[in-house]
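As provided, my_file_35.txt (compact mmCIF, C-alpha atoms and all ligand atoms) reads as follows.
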# COMPACT_ATOMS: atom_id res chain seq x y z
CA MET U 1 -18.67 10.73 13.99
CA THR U 2 -15.69 8.61 13.01
CA VAL U 3 -16.21 5.16 11.53
CA TYR U 4 -13.30 2.74 11.55
CA THR U 5 -13.13 -0.24 9.22
CA PHE U 6 -11.04 -3.30 10.01
CA PRO U 7 -11.01 -6.91 8.79
CA ARG U 8 -12.92 -9.33 11.04
CA LYS U 9 -9.80 -11.41 11.58
CA ILE U 10 -6.07 -10.96 11.08
CA TYR U 11 -3.91 -14.11 11.30
CA PHE U 12 -0.21 -13.55 11.88
CA GLN U 13 2.35 -16.35 11.82
CA ARG U 14 5.18 -17.46 9.59
CA ASP U 15 4.13 -20.49 7.46
CA ILE U 16 0.47 -20.13 8.40
CA ILE U 17 -0.33 -20.57 4.70
CA GLU U 18 0.08 -24.32 5.38
CA THR U 19 -3.13 -24.25 7.44
CA LEU U 20 -5.22 -22.33 4.91
CA ALA U 21 -7.72 -25.22 4.68
CA ASP U 22 -8.53 -24.80 8.41
CA ILE U 23 -8.91 -21.04 8.09
CA ILE U 24 -11.46 -21.35 5.28
CA GLN U 25 -13.50 -24.05 7.02
CA GLY U 26 -17.13 -23.74 5.96
CA SER U 27 -16.29 -22.47 2.50
CA GLU U 28 -17.44 -24.74 -0.32
CA LYS U 29 -15.82 -23.17 -3.35
CA GLN U 30 -12.80 -20.92 -3.59
CA LEU U 31 -11.28 -18.80 -6.32
CA VAL U 32 -7.61 -18.10 -5.71
CA ILE U 33 -6.47 -14.91 -7.42
CA THR U 34 -2.75 -14.41 -7.85
CA ASP U 35 -0.11 -13.63 -10.48
CA ALA U 36 2.24 -15.80 -12.54
CA ASN U 37 5.25 -14.94 -10.40
CA ILE U 38 3.63 -15.94 -7.12
CA LEU U 39 2.30 -19.08 -8.75
CA LYS U 40 5.81 -19.94 -9.89
CA PHE U 41 7.36 -19.51 -6.44
CA HIS U 42 4.52 -20.57 -4.15
CA GLY U 43 2.09 -22.48 -6.40
CA GLU U 44 2.88 -25.91 -5.00
CA ARG U 45 2.52 -24.66 -1.42
CA ILE U 46 -0.79 -23.00 -2.20
CA LYS U 47 -2.16 -26.10 -3.91
CA ARG U 48 -0.95 -28.31 -1.07
CA SER U 49 -2.57 -26.06 1.53
CA LEU U 50 -5.92 -26.33 -0.29
CA LYS U 51 -5.68 -30.05 -1.06
CA GLY U 52 -9.08 -31.70 -1.15
CA ARG U 53 -10.93 -28.38 -1.43
CA ASN U 54 -12.99 -27.26 -4.38
CA PHE U 55 -10.76 -24.46 -5.67
CA LYS U 56 -9.68 -22.86 -8.90
CA ILE U 57 -6.63 -20.66 -9.47
CA TYR U 58 -6.72 -17.52 -11.62
CA SER U 59 -3.14 -16.29 -12.08
CA ASN U 60 -3.42 -13.92 -15.01
CA VAL U 61 -3.21 -10.68 -12.98
CA ASN U 62 -0.81 -8.15 -14.50
CA PRO U 63 0.72 -5.20 -12.62
CA GLU U 64 -1.58 -2.17 -12.49
CA PRO U 65 -4.63 -4.12 -13.69
CA THR U 66 -6.94 -2.61 -16.27
CA ILE U 67 -10.72 -2.50 -15.96
CA GLU U 68 -10.85 -4.46 -19.21
CA SER U 69 -8.71 -7.28 -17.80
CA ILE U 70 -11.09 -7.61 -14.83
CA GLU U 71 -14.17 -7.67 -17.07
CA ASN U 72 -12.49 -10.39 -19.18
CA ALA U 73 -11.56 -12.45 -16.13
CA PHE U 74 -15.09 -12.18 -14.81
CA ARG U 75 -16.58 -13.21 -18.16
CA ASP U 76 -14.34 -16.29 -18.23
CA ASN U 77 -15.17 -17.25 -14.64
CA SER U 78 -18.71 -15.93 -14.19
CA LEU U 79 -20.22 -19.41 -13.98
CA TYR U 80 -17.79 -20.57 -11.33
CA ASN U 81 -19.55 -18.75 -8.49
CA PRO U 82 -17.09 -19.04 -5.60
CA ASP U 83 -18.23 -18.28 -2.05
CA THR U 84 -14.66 -17.22 -1.16
CA ILE U 85 -11.98 -15.29 -3.02
CA ILE U 86 -8.44 -15.80 -1.76
CA ALA U 87 -6.13 -13.04 -3.00
CA ILE U 88 -2.44 -13.96 -2.75
CA GLY U 89 -0.09 -11.24 -3.97
CA GLY U 90 0.84 -7.60 -3.84
CA GLY U 91 -1.30 -4.50 -4.33
CA SER U 92 -2.29 -5.29 -7.92
CA VAL U 93 -3.61 -8.74 -6.98
CA MET U 94 -5.59 -7.21 -4.09
CA ASP U 95 -7.07 -4.56 -6.40
CA PHE U 96 -7.99 -7.24 -8.91
CA ALA U 97 -9.54 -9.52 -6.26
CA LYS U 98 -11.62 -6.73 -4.71
CA SER U 99 -12.88 -5.85 -8.19
CA MET U 100 -13.78 -9.48 -8.89
CA ALA U 101 -15.65 -9.62 -5.57
CA ILE U 102 -17.76 -6.71 -6.80
CA LYS U 103 -18.41 -8.38 -10.16
CA PHE U 104 -19.50 -11.68 -8.54
CA SER U 105 -21.90 -9.68 -6.37
CA TYR U 106 -23.07 -7.21 -9.03
CA PRO U 107 -22.37 -8.69 -12.49
CA ASP U 108 -23.67 -5.60 -14.32
CA LYS U 109 -21.90 -3.04 -12.17
CA ASN U 110 -19.56 -0.64 -13.95
CA LEU U 111 -16.41 -0.65 -11.79
CA ARG U 112 -15.92 3.05 -12.52
CA ASP U 113 -19.07 3.77 -10.47
CA ILE U 114 -17.69 2.32 -7.23
CA ASN U 115 -17.72 4.99 -4.52
CA PRO U 116 -17.55 5.20 -0.73
CA PHE U 117 -21.07 6.59 -0.35
CA GLU U 118 -23.10 3.45 -1.02
CA SER U 119 -23.45 0.18 0.81
CA LEU U 120 -22.43 -2.93 -1.13
CA ALA U 121 -23.65 -6.43 -0.31
CA ILE U 122 -20.55 -8.40 -1.25
CA LYS U 123 -21.56 -12.04 -1.69
CA VAL U 124 -18.11 -13.59 -1.53
CA LYS U 125 -15.83 -13.72 1.47
CA LEU U 126 -12.62 -11.89 0.64
CA ILE U 127 -9.42 -13.28 2.13
CA ALA U 128 -6.23 -11.27 1.55
CA ILE U 129 -2.77 -12.81 1.83
CA PRO U 130 -0.19 -10.09 1.08
CA THR U 131 3.13 -11.23 -0.38
CA THR U 132 4.92 -7.92 0.08
CA SER U 133 5.31 -5.93 3.30
CA GLY U 134 4.10 -2.50 2.31
CA THR U 135 0.86 -1.72 0.52
CA GLY U 136 -1.55 -2.34 3.39
CA SER U 137 -4.20 -3.18 0.82
CA ASP U 138 -4.98 -6.42 2.68
CA VAL U 139 -6.83 -4.24 5.20
CA SER U 140 -7.90 -1.26 3.10
CA PHE U 141 -11.05 -0.45 1.17
CA GLY U 142 -9.27 1.14 -1.80
CA ILE U 143 -8.78 -0.10 -5.35
CA VAL U 144 -6.53 1.46 -7.98
CA LEU U 145 -7.31 0.45 -11.55
CA THR U 146 -6.03 1.49 -14.95
CA ASP U 147 -8.66 2.88 -17.30
CA GLY U 148 -7.12 3.58 -20.71
CA ASP U 149 -4.20 5.91 -20.05
CA ARG U 150 -5.36 7.04 -16.64
CA LYS U 151 -5.39 5.62 -13.14
CA VAL U 152 -8.64 5.56 -11.20
CA ALA U 153 -8.70 5.37 -7.42
CA LEU U 154 -11.94 3.84 -6.16
CA GLY U 155 -13.10 2.63 -2.80
CA ASN U 156 -15.93 1.30 -0.72
CA TYR U 157 -15.90 0.31 2.96
CA ASP U 158 -17.54 -3.04 2.18
CA LEU U 159 -14.40 -4.02 0.22
CA VAL U 160 -12.21 -4.29 3.30
CA PRO U 161 -11.20 -7.98 3.23
CA GLU U 162 -12.90 -10.09 5.92
CA ILE U 163 -9.68 -11.89 6.70
CA SER U 164 -6.05 -10.87 6.31
CA ILE U 165 -3.42 -13.59 6.63
CA LEU U 166 0.09 -12.37 7.38
CA ASP U 167 2.75 -14.92 6.55
CA SER U 168 6.13 -13.38 5.88
CA SER U 169 7.47 -16.64 4.45
CA LEU U 170 5.61 -15.59 1.27
CA THR U 171 7.49 -12.28 0.98
CA PRO U 172 10.54 -11.84 -1.30
CA ASP U 173 14.18 -12.11 -0.25
CA SER U 174 15.25 -9.24 -2.52
CA LYS U 175 16.82 -6.37 -0.57
CA ASP U 176 15.51 -3.81 -3.06
CA ILE U 177 11.91 -4.98 -2.80
CA ILE U 178 12.01 -5.26 1.01
CA ARG U 179 13.46 -1.73 1.18
CA SER U 180 11.02 -0.04 -1.19
CA THR U 181 7.91 -1.77 0.17
CA GLY U 182 9.00 -1.21 3.79
CA ILE U 183 9.62 2.46 3.10
CA ASP U 184 6.15 2.71 1.54
CA ALA U 185 4.68 1.45 4.83
CA PHE U 186 6.94 3.86 6.78
CA VAL U 187 5.56 6.76 4.70
CA HIS U 188 1.97 5.48 5.07
CA SER U 189 2.43 5.78 8.83
CA PHE U 190 3.84 9.31 8.69
CA GLU U 191 1.08 10.41 6.34
CA ALA U 192 -1.64 8.75 8.45
CA LEU U 193 -0.21 10.54 11.48
CA SER U 194 -0.17 13.96 9.86
CA ALA U 195 -3.38 13.72 7.79
CA ASN U 196 -6.11 16.15 8.73
CA THR U 197 -8.38 13.11 9.19
CA SER U 198 -6.08 11.43 11.74
CA THR U 199 -7.44 10.37 15.12
CA ILE U 200 -6.01 8.93 18.32
CA LEU U 201 -6.66 5.38 17.09
CA THR U 202 -4.86 5.85 13.78
CA ASP U 203 -2.03 7.73 15.53
CA ALA U 204 -1.45 4.75 17.83
CA LEU U 205 -1.14 2.35 14.90
CA ALA U 206 1.01 4.75 12.91
CA GLU U 207 3.44 5.49 15.75
CA LYS U 208 4.06 1.84 16.57
CA SER U 209 4.49 1.01 12.90
CA ILE U 210 7.07 3.81 12.43
CA ASP U 211 9.00 2.64 15.49
CA THR U 212 9.01 -1.01 14.38
CA ILE U 213 9.97 -0.33 10.76
CA TYR U 214 12.69 2.12 11.82
CA HIS U 215 14.29 -0.50 14.07
CA ASN U 216 13.78 -3.59 11.91
CA LEU U 217 13.87 -2.74 8.21
CA GLU U 218 17.62 -3.12 7.84
CA ASN U 219 17.56 -6.57 9.45
CA ALA U 220 14.54 -7.51 7.37
CA MET U 221 16.56 -6.57 4.27
CA ASN U 222 19.17 -9.06 5.48
CA ASN U 223 16.39 -11.64 5.67
CA ASP U 224 16.32 -11.94 9.44
CA GLU U 225 13.06 -13.85 9.98
CA GLU U 226 11.92 -12.07 13.14
CA ALA U 227 12.59 -8.68 11.57
CA LYS U 228 10.67 -9.69 8.43
CA ASP U 229 7.72 -10.79 10.58
CA LEU U 230 7.74 -7.46 12.41
CA VAL U 231 7.97 -5.38 9.23
CA HIS U 232 5.21 -7.50 7.69
CA ILE U 233 2.72 -6.87 10.50
CA SER U 234 3.83 -3.23 10.71
CA SER U 235 2.91 -2.68 7.09
CA THR U 236 -0.58 -3.96 7.91
CA MET U 237 -0.72 -1.66 10.95
CA ALA U 238 0.29 1.21 8.66
CA GLY U 239 -2.47 0.07 6.26
CA LEU U 240 -5.04 0.14 9.06
CA ALA U 241 -3.76 3.60 10.03
CA PHE U 242 -3.87 5.20 6.59
CA SER U 243 -7.08 3.53 5.45
CA ASN U 244 -8.82 4.95 8.53
CA SER U 245 -6.99 8.28 8.23
CA GLY U 246 -5.34 9.19 4.93
CA THR U 247 -2.19 9.50 2.90
CA ALA U 248 -1.15 12.98 1.89
CA LEU U 249 1.49 15.22 0.32
CA ALA U 250 4.40 12.72 0.11
CA HIS U 251 2.08 10.41 -1.85
CA ALA U 252 0.91 13.22 -4.15
CA LEU U 253 4.54 14.16 -4.93
CA GLY U 254 5.65 10.51 -5.12
CA HIS U 255 2.81 9.46 -7.47
CA SER U 256 3.68 12.29 -9.84
CA PHE U 257 7.44 11.71 -9.71
CA GLY U 258 7.19 7.91 -9.91
CA SER U 259 4.93 7.92 -12.95
CA THR U 260 7.03 10.56 -14.74
CA PHE U 261 10.46 9.01 -14.16
CA HIS U 262 9.40 5.34 -13.73
CA VAL U 263 10.65 5.02 -10.17
CA VAL U 264 8.98 2.43 -7.94
CA HIS U 265 6.28 3.64 -5.58
CA GLY U 266 7.97 3.15 -2.19
CA THR U 267 11.25 4.71 -3.30
CA SER U 268 9.36 7.70 -4.77
CA VAL U 269 7.18 8.48 -1.78
CA GLY U 270 10.09 7.85 0.60
CA LEU U 271 12.29 10.33 -1.23
CA PHE U 272 9.88 13.20 -0.59
CA LEU U 273 9.05 12.38 3.05
CA PRO U 274 11.80 14.50 4.71
CA TYR U 275 10.76 17.60 2.70
CA VAL U 276 7.10 17.00 3.47
CA ILE U 277 7.83 16.69 7.19
CA GLU U 278 9.67 20.01 7.07
CA PHE U 279 6.80 21.63 5.14
CA ASN U 280 4.09 20.25 7.45
CA SER U 281 5.96 21.23 10.61
CA ARG U 282 4.52 24.73 10.29
CA ASP U 283 1.24 23.22 11.51
CA GLU U 284 1.45 23.16 15.29
CA ARG U 285 -0.53 19.96 15.87
CA THR U 286 1.45 18.09 13.23
CA ASN U 287 4.75 19.43 14.53
CA GLU U 288 3.92 18.15 18.01
CA LYS U 289 3.29 14.72 16.55
CA TYR U 290 6.61 14.76 14.68
CA MET U 291 8.38 15.83 17.88
CA ARG U 292 6.77 12.94 19.75
CA VAL U 293 7.89 10.47 17.08
CA GLY U 294 11.38 12.00 17.20
CA ARG U 295 11.51 11.45 20.98
CA MET U 296 10.21 7.89 20.54
CA LEU U 297 13.02 7.13 18.08
CA GLY U 298 15.61 8.92 20.22
CA LEU U 299 16.32 11.50 17.51
CA GLU U 300 17.33 15.07 18.17
CA ASN U 301 16.10 16.15 14.76
CA ILE U 302 13.56 13.96 13.04
CA ILE U 303 14.45 15.08 9.50
CA ASP U 304 18.18 14.45 9.94
CA GLY U 305 17.34 11.20 11.70
CA ILE U 306 15.25 9.96 8.78
CA LYS U 307 17.98 10.93 6.33
CA ASP U 308 20.52 8.96 8.41
CA PHE U 309 18.14 5.98 8.49
CA TYR U 310 17.77 6.22 4.71
CA GLY U 311 21.56 6.35 4.36
CA GLU U 312 21.94 3.13 6.34
CA ILE U 313 19.47 1.19 4.22
CA GLY U 314 20.18 2.78 0.82
CA GLN U 315 16.94 4.75 0.35
CA PRO U 316 17.65 8.00 -1.51
CA TYR U 317 16.37 11.39 -0.34
CA ARG U 318 17.67 13.37 -3.31
CA VAL U 319 16.48 12.98 -6.90
CA LYS U 320 20.05 13.49 -8.17
CA ASP U 321 21.08 10.27 -6.41
CA LEU U 322 18.80 8.33 -8.74
CA GLY U 323 20.97 9.37 -11.70
CA ILE U 324 18.39 11.78 -13.13
CA SER U 325 20.17 14.80 -14.64
CA ALA U 326 19.24 18.31 -13.50
CA ASP U 327 18.45 19.31 -17.10
CA LEU U 328 16.02 16.44 -17.58
CA TYR U 329 14.41 16.90 -14.16
CA TYR U 330 13.85 20.64 -14.41
CA SER U 331 12.62 20.33 -18.01
CA ARG U 332 9.70 18.32 -16.62
CA ILE U 333 9.10 20.14 -13.36
CA ASP U 334 5.92 21.88 -14.57
CA GLU U 335 4.49 18.51 -15.53
CA LEU U 336 5.46 17.13 -12.10
CA VAL U 337 3.68 20.03 -10.39
CA GLU U 338 0.59 19.70 -12.57
CA LYS U 339 0.21 15.98 -11.86
CA ALA U 340 0.79 16.42 -8.11
CA MET U 341 -1.78 19.23 -7.93
CA MET U 342 -4.41 16.90 -9.41
CA ASP U 343 -3.74 14.14 -6.86
CA ASN U 344 -6.64 13.41 -4.49
CA GLU U 345 -4.23 12.76 -1.60
CA LEU U 346 -3.48 16.49 -1.36
CA ALA U 347 -6.84 17.01 0.32
CA PHE U 348 -5.63 15.14 3.42
CA ASN U 349 -2.48 17.18 3.97
CA PRO U 350 -2.54 19.19 7.22
CA VAL U 351 -1.08 22.25 5.48
CA ILE U 352 -2.59 23.45 2.21
CA ALA U 353 0.03 23.02 -0.50
CA GLY U 354 -0.37 25.41 -3.43
CA GLU U 355 1.31 25.22 -6.80
CA ASP U 356 4.29 27.33 -5.70
CA ASP U 357 4.80 25.19 -2.59
CA VAL U 358 4.73 22.00 -4.64
CA LYS U 359 7.21 23.42 -7.14
CA GLU U 360 9.51 24.47 -4.32
CA LEU U 361 9.30 20.99 -2.77
CA PHE U 362 10.15 19.35 -6.09
CA SER U 363 13.12 21.73 -6.52
CA ARG U 364 14.47 21.14 -3.03
CA ALA U 365 14.19 17.38 -3.42
CA TYR U 366 16.55 17.42 -6.41
CA GLY U 367 19.52 18.10 -4.10
CA ASP U 368 22.24 20.73 -4.28
FE FE P 401 1.96 4.09 -0.64
Written as structure tokens, how would this file's structure read?
Amino acid sequence: MTVYTFPRKIYFQRDIIETLADIIQGSEKQLVITDANILKFHGERIKRSLKGRNFKIYSNVNPEPTIESIENAFRDNSLYNPDTIIAIGGGSVMDFAKSMAIKFSYPDKNLRDINPFESLAIKVKLIAIPTTSGTGSDVSFGIVLTDGDRKVALGNYDLVPEISILDSSLTPDSKDIIRSTGIDAFVHSFEALSANTSTILTDALAEKSIDTIYHNLENAMNNDEEAKDLVHISSTMAGLAFSNSGTALAHALGHSFGSTFHVVHGTSVGLFLPYVIEFNSRDERTNEKYMRVGRMLGLENIIDGIKDFYGEIGQPYRVKDLGISADLYYSRIDELVEKAMMDNELAFNPVIAGEDDVKELFSRAYGD
């Protein structure tokens, strides 16, 4: 049996944030969770859109939120008792908001115990408004939190937001951010397509998302509004695809590389995608899917085609192009391999990747 989880509603329209009060009709008390940056750029708009409603804004979310910071935020707001949490931000804000939804429902729950095998009765309605086009966490059940010096990936199907609101007027104008987040969504789609848990439904979402991002990311980076809209909804389609399928080897390699050399997530996972496609092509079913995507994009060779696409938008596919010296890189390659081998995403890869394979992939990705 396959179970698919989706939000109950997805709204999609530029500037729809202005009508937030209509969307939350029936809600008596809202807690808006965001970060200082979003508050700075969009605070007035958010407050205006909720004018006359009984709301409170919590904007103290830091990147890669710690369990401690969530416990503190809950302690400070535990008496507020909202019936709706509105998360406005990127992946960290979504992770924080989902965690707060758990705490308002189960005040004594240890967040480390969250798992996909139990049913949670979440008492607050979770509304997700993503401000980047990439993570897909507005439609996913996952949470990534920092616990001391380690990252913990948690998840529960009851944490899929009830409503996702897609308004690309809230997304940044920065070329670098649009590129790296868009590439993250592009990789989510490829990984969802190849994952050993993929199905016809997730394939459909992944294929359309790849096609749309491939044809629109460059224009989105130039702040073309229609292209930004399309990339924005495509990142949510990619989120629906991977959260009902999986992410895999490019994420395992990218997580390891990104945390070791402090390279942003989308750029890291994107860098490894061409090598992962080549590696996974030895699996017949996966190769057929890559061939189909290649035909869809009009490419003779999908790997060369992706490298050309990367070249046009400035996404690297060789580690050396990031200015990391060969000496430094190879001095840490065992650490890279070790971290990648411990990554949970490996389990979803269609071809089993052993330590030697992972080392070879890291070596090849450095570039000649
Ligand atoms: Fe990702």
Which one of U:Thr197, U:Ser169, U:Thr135, U:Ser325 sits closest to ligand FE 401 (chain P) if you count only C-alpha atoms and all ligand atoms?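 Answer, going by the shortest atom-to-atom distance: U:Thr135.
The interatomic distance for the pair atom CA of U:Glu207 and atom CA of U:Arg285 works out to 15.0 Å.
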Skip stretch 297-312 of chain U itself and residues of its chain fewer than 4 positions away, then list as a ChimeraX atom specification all residues within 7 Å of it, counting all atoms listed in the file. /U:211,274,293,316-317
Interatomic distance between atom CA of U:Glu218 and atom CA of U:Pro172?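 Straight-line distance from atom CA of U:Glu218 to atom CA of U:Pro172 works out to 14.5 Å.
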Could you tell me how far atom CA of U:Ala238 sits from atom CA of U:Ser209, in Å to one decimal place?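 Atom CA of U:Ser209 sits 6.0 Å away from atom CA of U:Ala238.
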Considering all atoms listed in the file, can you say which of U:Ile102, U:Leu273, U:Ala36, U:Leu20 comes closest to U:Glu71? U:Ile102
Surrounding residues as a list of chain:residue names, ligand FE 401 (chain P), max 8 Å, only C-alpha atoms and all ligand atoms: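 Residues satisfying the distance criterion: U:Gly134, U:Thr135, U:Asp184, U:Ala185, U:Val187, U:His188, U:Thr247, U:His251, U:His265, U:Gly266, U:Val269.
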Could the residues in this selection be written to a file with C-alpha atoms, as an mmCIF file, in the frame of the given file?
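Written output follows (part-v3.cif):
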data_model
loop_
_atom_site.group_PDB
_atom_site.id
_atom_site.type_symbol
_atom_site.label_atom_id
_atom_site.label_comp_id
_atom_site.auth_asym_id
_atom_site.auth_seq_id
_atom_site.Cartn_x
_atom_site.Cartn_y
_atom_site.Cartn_z
ATOM 1 C CA GLY U 134 4.100 -2.500 2.310
ATOM 2 C CA THR U 135 0.860 -1.720 0.520
ATOM 3 C CA ASP U 184 6.150 2.710 1.540
ATOM 4 C CA ALA U 185 4.680 1.450 4.830
ATOM 5 C CA VAL U 187 5.560 6.760 4.700
ATOM 6 C CA HIS U 188 1.970 5.480 5.070
ATOM 7 C CA THR U 247 -2.190 9.500 2.900
ATOM 8 C CA HIS U 251 2.080 10.410 -1.850
ATOM 9 C CA HIS U 265 6.280 3.640 -5.580
ATOM 10 C CA GLY U 266 7.970 3.150 -2.190
ATOM 11 C CA VAL U 269 7.180 8.480 -1.780
#
U:Ile313, U:Ile213, U:Val351, U:Leu271 ranked by distance to U:Ser133, top pick (using only C-alpha atoms):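 Of the candidates, the smallest distance to U:Ser133 is held by U:Ile213.
Take the candidates U:Glu28, U:Asp158, U:Asp334, U:Asp327 and check each one against U:Tyr4 using all atoms listed in the file; the shortest distance goes to U:Asp158.
Here the question is which of U:Ser259, U:Thr146, U:Ser105, U:Ser168 gets nearest to U:Pro130 using only C-alpha atoms, and that residue is U:Ser168.
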Nearest candidate to U:Ala241 (options U:Ala153, U:Val139, U:Val124, U:Ile333; using only C-alpha atoms):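 Of U:Ala153, U:Val139, U:Val124, U:Ile333, the one nearest U:Ala241 is U:Val139, counting only C-alpha atoms.
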Please list, as an mmCIF file with C-alpha atoms, in the frame of the given file, the residues that have an atom at most 9 Å away from (10.9, -2.6, 1.4) in the coordinates of this file, counting all atoms listed in the file.
data_model
loop_
_atom_site.group_PDB
_atom_site.id
_atom_site.type_symbol
_atom_site.label_atom_id
_atom_site.label_comp_id
_atom_site.auth_asym_id
_atom_site.auth_seq_id
_atom_site.Cartn_x
_atom_site.Cartn_y
_atom_site.Cartn_z
ATOM 1 C CA THR U 132 4.920 -7.920 0.080
ATOM 2 C CA SER U 133 5.310 -5.930 3.300
ATOM 3 C CA GLY U 134 4.100 -2.500 2.310
ATOM 4 C CA SER U 174 15.250 -9.240 -2.520
ATOM 5 C CA LYS U 175 16.820 -6.370 -0.570
ATOM 6 C CA ASP U 176 15.510 -3.810 -3.060
ATOM 7 C CA ILE U 177 11.910 -4.980 -2.800
ATOM 8 C CA ILE U 178 12.010 -5.260 1.010
ATOM 9 C CA ARG U 179 13.460 -1.730 1.180
ATOM 10 C CA SER U 180 11.020 -0.040 -1.190
ATOM 11 C CA THR U 181 7.910 -1.770 0.170
ATOM 12 C CA GLY U 182 9.000 -1.210 3.790
ATOM 13 C CA ILE U 183 9.620 2.460 3.100
ATOM 14 C CA ASP U 184 6.150 2.710 1.540
ATOM 15 C CA ALA U 185 4.680 1.450 4.830
ATOM 16 C CA LEU U 217 13.870 -2.740 8.210
ATOM 17 C CA ALA U 220 14.540 -7.510 7.370
ATOM 18 C CA MET U 221 16.560 -6.570 4.270
ATOM 19 C CA VAL U 231 7.970 -5.380 9.230
ATOM 20 C CA GLY U 266 7.970 3.150 -2.190
ATOM 21 C CA THR U 267 11.250 4.710 -3.300
#
List as a ChimeraX atom specification: which residues have an atom within 7 Å of (-18.0, -14.7, 0.8), counting all atoms listed in the file? /U:83-84,123-126
Need the shell around U:Ile200: protein/DNA/RNA residues with any atom at most 12 Å away, counting all atoms listed in the file. Skip same-chain ones fewer than 5 positions apart. Format as a PyMOL selection string? chain U and resi 2+4+192-195+205-207+241+244-245+289
Set the distance at 8 Å and use only C-alpha atoms: which residues neighbour U:Thr212 once local chain neighbours fewer than 3 positions away are removed? I'd like the list as a ChimeraX atom specification. /U:208-209,215-216,230-231,234
Neighbouring residues of U:Arg364 were defined as those with any atom within 12 Å, considering all atoms listed in the file; residues of the same chain fewer than 2 positions away were excluded. Please report them as a list in words.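 In the requested form, the answer reads Leu271, Phe272, Leu273, Pro274, Tyr275, Val276, Glu278, Phe279, Tyr317, Arg318, Val319, Lys320, Ala326, Tyr329, Tyr330, Ile333, Asp357, Val358, Lys359, Glu360, Leu361, Phe362, Tyr366, Gly367 and Asp368 of chain U.
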Completed stretch 12-16 of chain U (all heavy atoms) as a PDB file, in the coordinates of the input:
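And here's part-v1.pdb as it stands now:
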ATOM      1  N   PHE U  12      -1.601 -13.971  12.003  1.00  0.00           N
ATOM      2  CA  PHE U  12      -0.210 -13.550  11.880  1.00  0.00           C
ATOM      3  C   PHE U  12       0.716 -14.652  12.373  1.00  0.00           C
ATOM      4  O   PHE U  12       0.776 -14.907  13.573  1.00  0.00           O
ATOM      5  CB  PHE U  12       0.006 -12.264  12.697  1.00  0.00           C
ATOM      6  CG  PHE U  12       1.442 -11.823  12.819  1.00  0.00           C
ATOM      7  CD1 PHE U  12       2.286 -11.772  11.727  1.00  0.00           C
ATOM      8  CD2 PHE U  12       1.944 -11.437  14.057  1.00  0.00           C
ATOM      9  CE1 PHE U  12       3.607 -11.351  11.844  1.00  0.00           C
ATOM     10  CE2 PHE U  12       3.263 -11.010  14.198  1.00  0.00           C
ATOM     11  CZ  PHE U  12       4.092 -10.972  13.081  1.00  0.00           C
ATOM     12  N   GLN U  13       1.349 -15.333  11.447  1.00  0.00           N
ATOM     13  CA  GLN U  13       2.350 -16.350  11.820  1.00  0.00           C
ATOM     14  C   GLN U  13       3.083 -16.820  10.570  1.00  0.00           C
ATOM     15  O   GLN U  13       2.459 -17.067   9.545  1.00  0.00           O
ATOM     16  CB  GLN U  13       1.666 -17.546  12.485  1.00  0.00           C
ATOM     17  CG  GLN U  13       2.660 -18.521  13.096  1.00  0.00           C
ATOM     18  CD  GLN U  13       1.969 -19.727  13.699  1.00  0.00           C
ATOM     19  OE1 GLN U  13       1.149 -19.597  14.595  1.00  0.00           O
ATOM     20  NE2 GLN U  13       2.283 -20.904  13.175  1.00  0.00           N
ATOM     21  N   ARG U  14       4.375 -16.915  10.691  1.00  0.00           N
ATOM     22  CA  ARG U  14       5.180 -17.460   9.590  1.00  0.00           C
ATOM     23  C   ARG U  14       4.678 -18.874   9.248  1.00  0.00           C
ATOM     24  O   ARG U  14       4.379 -19.660  10.151  1.00  0.00           O
ATOM     25  CB  ARG U  14       6.646 -17.482  10.028  1.00  0.00           C
ATOM     26  CG  ARG U  14       7.607 -18.100   9.068  1.00  0.00           C
ATOM     27  CD  ARG U  14       9.021 -17.764   9.473  1.00  0.00           C
ATOM     28  NE  ARG U  14       9.358 -16.426   9.025  1.00  0.00           N
ATOM     29  CZ  ARG U  14       9.970 -16.155   7.873  1.00  0.00           C
ATOM     30  NH1 ARG U  14      10.328 -17.121   7.066  1.00  0.00           N
ATOM     31  NH2 ARG U  14      10.232 -14.912   7.533  1.00  0.00           N
ATOM     32  N   ASP U  15       4.554 -19.178   7.979  1.00  0.00           N
ATOM     33  CA  ASP U  15       4.130 -20.490   7.460  1.00  0.00           C
ATOM     34  C   ASP U  15       2.661 -20.827   7.713  1.00  0.00           C
ATOM     35  O   ASP U  15       2.245 -21.969   7.516  1.00  0.00           O
ATOM     36  CB  ASP U  15       5.010 -21.644   8.012  1.00  0.00           C
ATOM     37  CG  ASP U  15       6.458 -21.496   7.576  1.00  0.00           C
ATOM     38  OD1 ASP U  15       6.677 -21.073   6.426  1.00  0.00           O
ATOM     39  OD2 ASP U  15       7.357 -21.779   8.384  1.00  0.00           O
ATOM     40  N   ILE U  16       1.875 -19.833   8.129  1.00  0.00           N
ATOM     41  CA  ILE U  16       0.470 -20.130   8.400  1.00  0.00           C
ATOM     42  C   ILE U  16      -0.302 -20.490   7.127  1.00  0.00           C
ATOM     43  O   ILE U  16      -1.386 -21.085   7.192  1.00  0.00           O
ATOM     44  CB  ILE U  16      -0.214 -18.974   9.184  1.00  0.00           C
ATOM     45  CG1 ILE U  16      -1.471 -19.494   9.873  1.00  0.00           C
ATOM     46  CG2 ILE U  16      -0.472 -17.780   8.294  1.00  0.00           C
ATOM     47  CD1 ILE U  16      -2.093 -18.547  10.842  1.00  0.00           C
TER      48      ILE U  16
END
